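**Q** Pasting a structure here, questions to come.
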Amino acid sequence: MEKKAVIKIDNLVKHFPIRAGVFKRIVGWVKAVDGVSFEVYEGETLGLVGESGCGKTTVGMTLLRLYEPTSGRIIFNDEDTTHYFMNYLKARSYVKRTYIDRFEQLKIDKGAKALDELEGVDRKYYKIFMENGAAGLHKYLLSNLEEKRKQFRQNVQIVFQDPYSSLDPRMRIKNIVAEGVLAHKLVEKSKINDFVGKTLEDVGIISAYMFRFPHEFSGGQRQRIGMARALAMQPKVVIADEAVAALDVSIRSQIINLMEELQDKHRLTYIFISHDLAVVKHISDRVAVMYLGKMVEMASKKELFEDPLHPYTVSLMSAIPIPDPAKKRKKRIILKGDVPSPINPPSGCRFHTRCPVAKPICKEKEPPLVEVKPGHFVACHFPGSLKWKA
Amino acid sequence: MNREPILQVKDLKTYFYTEDGIVKAVDGVSFELYQGETLGIVGESGSGKSVTSLTIMRLLDEKARIEGGEVIFKGKELLKLSEEEMRKIRGNDIAMIFQEPMVALNPVYTIGDQIMEAIILHQKVKESEARKIAIDLLRKVGIPEPEKRVDQYPHQLSGGMRQRAMIAMALSCRPQILIADEPTTALDVTIQAQILELMKELQREYGMALIMITHDMGVIAETADRVAVMYAGKVVEYGTVDEIFKKPKHPYTYALLSSIPRLDVEKQELKSIPGTVPDPLNFPPGCRFHPRCDFAKEECKNIDPELVEVSPGHYTACPFYKVLEGVEVK
C-alpha cells in the first residue's frame, strides 16, 4: 500500500536575526534550520534526533508556525499551508512567487504536458491553474484563510518538554483541556465536562481531578495533562518536543507507553523530537538525524540502527552509554571538540570539523541528502566509511 | 585488593525541617568506598542521592540537620570535625563536581582565579606558581589554549569546557576522593562521552576513589565498579555492577532496568513502574517501594526492611528478593 504523507516539509529554512547597537541593526543570522526536507506518513512516528543547537526544536516550532519560516514550504494533508499565517499581502506575493509565475512559464513552455512531471501539490495546483486560470488558483489558495488556519491549528498539536511551565498555573485542568476545544467549537458547552472527563481518563487521570490546578499534580501527571490538551483537539499530528526528557526513568516509560497506546487508539501521527537516541529508537518508525541545521541522515528505524551510514550518526550511537556492564569495555568513538556555532557554520559539510573520517573535499563541498538505498537518505561524501558496533 | 575502605558511611540520616514538615531526605544510608574504585549511586529525583553527597562534604544549609550516622574518612569521623578542620579536608582530600557548571562556577571570577583559590589555600604556594599549576591542570583536562582560557570567564566557555574547568578545579589538590554529582546530565551525549572518558583517565592517573551520582543506568554501567541503588532516602540494593545489572535482587532495581529503552536491545514494550515517586514529606509506611512494587505482599506495608547481605558483597533491602530468582531483566 502506498503510504500517505500527512506532512511534507520542503527545503525549510529558519534564520533568526541577531540584532545589536542602538538601532537594533541586524548584525548576523543564526542559521537554526538551513534547508531541511522530510515527509511524515500517516499513523507513523518520525523521530527527530540531534544534539542541542541542531535545530530540531526549531523545525517543530516552524512546522506549527509558532515561528514564521524564512523560506521553504510546509505541506499538510495535500495542501500548501505555508502562507496560512502570513498577512494577506505577503500571502499573495508568496502564492504568486511560488506557483503562479512558475505555472505561467510552464504553460507557455509545455502546456498540459507539464502535468506529467509535476507531483504532489504542484500537480494538484497546476491542474486547477489549467482549468480555472491564475484567478482560479489565486482564489483556491487565498480564500477562507481564517478557516484554513483554524483547521490547521486543530489538526497539528504539540506537547512540550517542561510539564511545569507548559501548563498555566492559574487555570484549572478542566479549562486547560477545554480551552481549545471550546474555541474551535468541537464540543458543545453543555457537554464539555463529560468530554474533558473522558479525555482525562484516556490519559490516565481520574476525571474528578479536572477541577484541580496544575501544581497539585506530579511531573508525570502533568505530562499526561499536556497529552490530554493536545488530544482533546482530535488532531491528526502531534509534535512531541522532548516530551519525556524532564521525567524520571520510572515515569518516562509510563508516558512512552501511554503515547504508543494513544497513537493506536486515535490513529495519531507523531513527530517525536528528542536528544535521546535510545528513546527515539524505541518509539519511532523512521528516524531523522540532524546536525547544525541540516538533516544528515534519515531512514527507517531498523535500517538506521543496523546500518548507520553518516559518521555523525555512528558517533552519536557510539557515545551513548549502554546499561550493560558487560559491554563497557568496547572502545567508543569520541568526537573532538564542541558543536560549532550556527551563526558561522563550517564550510562544506558542517560536520567536517569533528568528523573522524573527513577528507579535503568535505571542507569544500556540501554533500547533498541522497537516497542511497530505498528509503535511506544520507548527506555524506563517504557514507559508511566509519564503522562501529555496540 | 586492599580491603580497607577509604570512606565509610554508616546509617546516615539527614532530615530537612521545612514549614510543611520533616523531609527525611536521607534515612539510613550506609556504604563503603575503597581506594581507586568507583561507587555509583543511582536513583530518581528525590531519592536522596545528592543530599547524601552534600552531607559527606558537610555542605548543607541550615534547614538540614544530620540526625545520625557516621562518615569515616581514613579513621576520622567527618561529622564530628570542627568547621575549621573540615575546611582542610574539603577540596583538599575530598573534592566535588556538580551538575550545572554554569551555576557552580562563579561568573565574576576568571576560570584561573577560581582554580588558583583552592591551590593557594591548601598548598601554600605563591600566586605565580599557582597560576602555572592552574594552566597545567587546564591542559590536562583537555582545554585547548590553556594560557588564554585561564583568564577567561565561565560564560566564555561552552558547557563541556566548563565541566572540564570544574574537573580541573576539583583535581587541583589531588584529592583522594572525588564526588561527581550528575557531572554529565546537562551535557550532550557526544560531550558526555568526552567527559566520562576524561574522568576515567584522570582517576587511573591519580588513583582516586570516585563516587558517581547519576540517574542514568548507562553511565553507571559504564563507570562504576560497585553500585548503590537509592529509593526514597534509602539504599535498597548494593553490590557489584555486574551483579546489580545481571541479577538484581530488589524489585525496584529490576523494574528500573526493565523500564529503560536501550540502543542495543529491541524491546516490544517498556515495563512501566506504576504510580509516582513518593512525596518525601509523606513516605509510605513499611517498605517505601511497596505501593509501586509488582511483588508486594501484605507484610510489605508493615515491615521496614533492613539492608541484608544475601550473597557475598550483594545487599538488598527486600526480604522477598527470591521472587526475582530466574526472572530475566527485560
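Following the order of the C-alpha cells, first chain is A, next is B, and so on, with residues numbered from 1 inside each chain and ligands from 1 in the order they appear.
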Could you pull out the strand (DSSP E) residues of segment 24-169 of chain B from DSSP and send them as a ChimeraX atom specification?
**A** /B:24-33,38-42,64-73,76-77,94-97
**Q** At a cut-off of 7 Å, using only C-alpha atoms, what residues contact segment 139-148 of chain B? Leave out same-chain residues fewer than 6 positions from it and give the result as JSON, numbers by chain.
**A** {"B": [161, 164, 168, 198]}
**Q** For C-alpha atoms, I'd like the residues from the last selection saved as a PDB file, in the first residue's frame.
**A**
ATOM      1  CA  MET B 161      34.600  23.196  28.599  1.00  0.00           C
ATOM      2  CA  ARG B 164      36.332  20.364  32.228  1.00  0.00           C
ATOM      3  CA  ALA B 168      40.441  20.852  36.844  1.00  0.00           C
ATOM      4  CA  LEU B 198      38.458  12.120  30.771  1.00  0.00           C
TER       5      LEU B 198
END
**Q** Might you pull out every residue within 8 Å of Glu306 of chain B, with only C-alpha atoms counted and same-chain residues fewer than 2 positions away left off, and present them as a tab-separated table (two decimals) with C-alpha atoms, in the first residue's frame?
**A**
chain	number	residue	atom	x	y	z
B	304	ASP	CA	10.73	-1.54	57.32
B	308	VAL	CA	20.83	-7.61	54.26
B	316	THR	CA	19.23	-5.99	49.27
B	317	ALA	CA	16.53	-4.40	51.35
B	318	CYS	CA	13.83	-6.75	50.13
**Q** Please identify every residue of chain A that has at least one atom no more than 9 Å from any atom of chain B, counting only C-alpha atoms, and report them as a PyMOL selection string.
**A** chain A and resi 51-52+218-221+248-257+275-282+305+315-329+332-338+390
**Q** Which of segment 145-329 of chain B end up as helix (DSSP H, G or I) when DSSP is run on this backbone - answer as number ranges by chain?
**A** B: 146-149, 154-156, 159-171, 189-206, 217-223, 241-246, 251-258, 290-292, 298-301, 321-324
**Q** Applying 9 Å and only C-alpha atoms, which residues near Arg286 of chain A remain after dropping the ones on its own chain fewer than 5 positions away? List them as a ChimeraX atom specification.
**A** /A:40,44-48,281,298-304
**Q** Got time to write the residues from that selection, N, CA, C and O atoms, as a tab-separated table (two decimals), in the first residue's frame?
**A**
chain	number	residue	atom	x	y	z
A	40	VAL	N	6.27	13.03	6.61
A	40	VAL	CA	5.79	12.21	7.71
A	40	VAL	C	4.55	11.49	7.22
A	40	VAL	O	3.63	12.11	6.70
A	44	GLU	N	2.41	7.10	11.47
A	44	GLU	CA	3.75	6.69	11.90
A	44	GLU	C	4.30	7.64	12.95
A	44	GLU	O	3.72	8.69	13.25
A	45	THR	N	5.44	7.26	13.51
A	45	THR	CA	6.19	8.15	14.38
A	45	THR	C	7.52	8.44	13.71
A	45	THR	O	8.27	7.51	13.42
A	46	LEU	N	7.74	9.71	13.46
A	46	LEU	CA	9.04	10.10	12.95
A	46	LEU	C	9.86	10.66	14.11
A	46	LEU	O	9.44	11.61	14.77
A	47	GLY	N	10.99	10.07	14.37
A	47	GLY	CA	11.87	10.58	15.43
A	47	GLY	C	12.82	11.60	14.84
A	47	GLY	O	13.44	11.35	13.82
A	48	LEU	N	12.90	12.75	15.50
A	48	LEU	CA	13.81	13.80	15.03
A	48	LEU	C	14.86	13.94	16.12
A	48	LEU	O	14.56	14.37	17.22
A	281	LYS	N	14.73	5.40	19.38
A	281	LYS	CA	14.75	4.08	18.77
A	281	LYS	C	13.53	3.28	19.20
A	281	LYS	O	12.94	2.55	18.43
A	298	MET	N	18.47	9.98	7.25
A	298	MET	CA	17.08	9.63	7.53
A	298	MET	C	16.82	8.25	6.96
A	298	MET	O	17.16	7.96	5.83
A	299	ALA	N	16.20	7.40	7.78
A	299	ALA	CA	15.90	6.04	7.32
A	299	ALA	C	14.88	5.43	8.25
A	299	ALA	O	14.54	6.01	9.29
A	300	SER	N	14.41	4.24	7.88
A	300	SER	CA	13.54	3.52	8.80
A	300	SER	C	14.38	3.18	10.02
A	300	SER	O	15.60	3.11	9.95
A	301	LYS	N	13.69	2.96	11.13
A	301	LYS	CA	14.41	2.72	12.38
A	301	LYS	C	15.38	1.54	12.24
A	301	LYS	O	16.54	1.63	12.59
A	302	LYS	N	14.85	0.46	11.68
A	302	LYS	CA	15.64	-0.77	11.56
A	302	LYS	C	16.90	-0.50	10.74
A	302	LYS	O	18.02	-0.83	11.13
A	303	GLU	N	16.67	0.13	9.61
A	303	GLU	CA	17.76	0.43	8.70
A	303	GLU	C	18.80	1.34	9.35
A	303	GLU	O	20.01	1.08	9.30
A	304	LEU	N	18.33	2.38	10.00
A	304	LEU	CA	19.26	3.36	10.58
A	304	LEU	C	20.12	2.74	11.68
A	304	LEU	O	21.32	3.01	11.76
**Q** In Å, how far is it from atom CA of Ala91 of chain A to atom CA of Lys107 of chain A?
**A**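 These two atoms are separated by 22.7 Å.
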**Q** Kindly give the distance, in Å, that separates atom CA of Gln163 of chain B and atom CA of Pro340 of chain A, rounded to a single decimal.
**A** 17.6 Å
**Q** Please identify all polymer residues within 12 Å of Val323 of chain B, counting only C-alpha atoms, omitting same-chain residues fewer than 6 positions from it, and present them as a PyMOL selection string.
**A** chain B and resi 247-251+254+293-297
**Q** Give me, as a VMD selection string, all polymer residues having an atom no more than 12 Å from Ala209 of chain B, counting only C-alpha atoms and skipping those fewer than 2 positions away in the same chain.
**A** chain B and resid 5 to 7 32 to 40 73 93 to 96 174 to 180 199 to 200 202 to 207 211 to 212 223 to 226
**Q** Choose the residue, out of B:Leu79, B:Val327, B:Leu12, B:Ala25, that has the smallest atom-to-atom separation from Gly48 of chain B; count only C-alpha atoms.
**A**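 The shortest atom-to-atom distance to Gly48 of chain B comes from B:Ala25.
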**Q** Taking 2 positions as the minimum chain separation for residues in the same chain, which residues sit within 10 Å of Asn302 of chain B when counting only C-alpha atoms? Answer as a VMD selection string.
**A** chain B and resid 284 to 287 290 298 to 300 304 to 305
**Q** With N, CA and C atoms retained, write the just-selected residues as a PDB file, in the first residue's frame.
**A**
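Below is the file again.pdb, written as the result:
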ATOM      1  N   PRO B 284       5.453   6.415  52.173  1.00  0.00           N
ATOM      2  CA  PRO B 284       4.526   5.356  52.581  1.00  0.00           C
ATOM      3  C   PRO B 284       5.121   4.549  53.738  1.00  0.00           C
ATOM      4  N   PRO B 285       4.262   3.995  54.584  1.00  0.00           N
ATOM      5  CA  PRO B 285       4.773   3.195  55.700  1.00  0.00           C
ATOM      6  C   PRO B 285       5.336   1.870  55.199  1.00  0.00           C
ATOM      7  N   GLY B 286       6.086   1.210  56.041  1.00  0.00           N
ATOM      8  CA  GLY B 286       6.661  -0.075  55.651  1.00  0.00           C
ATOM      9  C   GLY B 286       7.741   0.121  54.611  1.00  0.00           C
ATOM     10  N   CYS B 287       7.845  -0.830  53.703  1.00  0.00           N
ATOM     11  CA  CYS B 287       8.802  -0.666  52.613  1.00  0.00           C
ATOM     12  C   CYS B 287       8.316   0.475  51.743  1.00  0.00           C
ATOM     13  N   HIS B 290       6.656  -0.280  48.357  1.00  0.00           N
ATOM     14  CA  HIS B 290       5.572  -1.272  48.218  1.00  0.00           C
ATOM     15  C   HIS B 290       4.371  -0.818  47.384  1.00  0.00           C
ATOM     16  N   GLU B 298       1.240  -8.395  51.602  1.00  0.00           N
ATOM     17  CA  GLU B 298       0.590  -7.687  52.692  1.00  0.00           C
ATOM     18  C   GLU B 298       1.609  -7.192  53.728  1.00  0.00           C
ATOM     19  N   GLU B 299       2.594  -8.046  54.036  1.00  0.00           N
ATOM     20  CA  GLU B 299       3.590  -7.708  55.074  1.00  0.00           C
ATOM     21  C   GLU B 299       4.385  -6.455  54.719  1.00  0.00           C
ATOM     22  N   CYS B 300       4.543  -6.193  53.416  1.00  0.00           N
ATOM     23  CA  CYS B 300       5.406  -5.088  52.995  1.00  0.00           C
ATOM     24  C   CYS B 300       4.920  -3.744  53.538  1.00  0.00           C
ATOM     25  N   ASP B 304       9.780  -2.472  57.902  1.00  0.00           N
ATOM     26  CA  ASP B 304      10.729  -1.543  57.319  1.00  0.00           C
ATOM     27  C   ASP B 304      11.997  -2.353  57.047  1.00  0.00           C
ATOM     28  N   PRO B 305      12.150  -2.849  55.837  1.00  0.00           N
ATOM     29  CA  PRO B 305      13.200  -3.849  55.611  1.00  0.00           C
ATOM     30  C   PRO B 305      14.606  -3.275  55.751  1.00  0.00           C
TER      31      PRO B 305
END
**Q** So the first atom is atom CA of Met169 of chain B and the second is atom CA of Gly46 of chain B; what is the distance between them in Å, to one decimal place?
**A** 27.7 Å
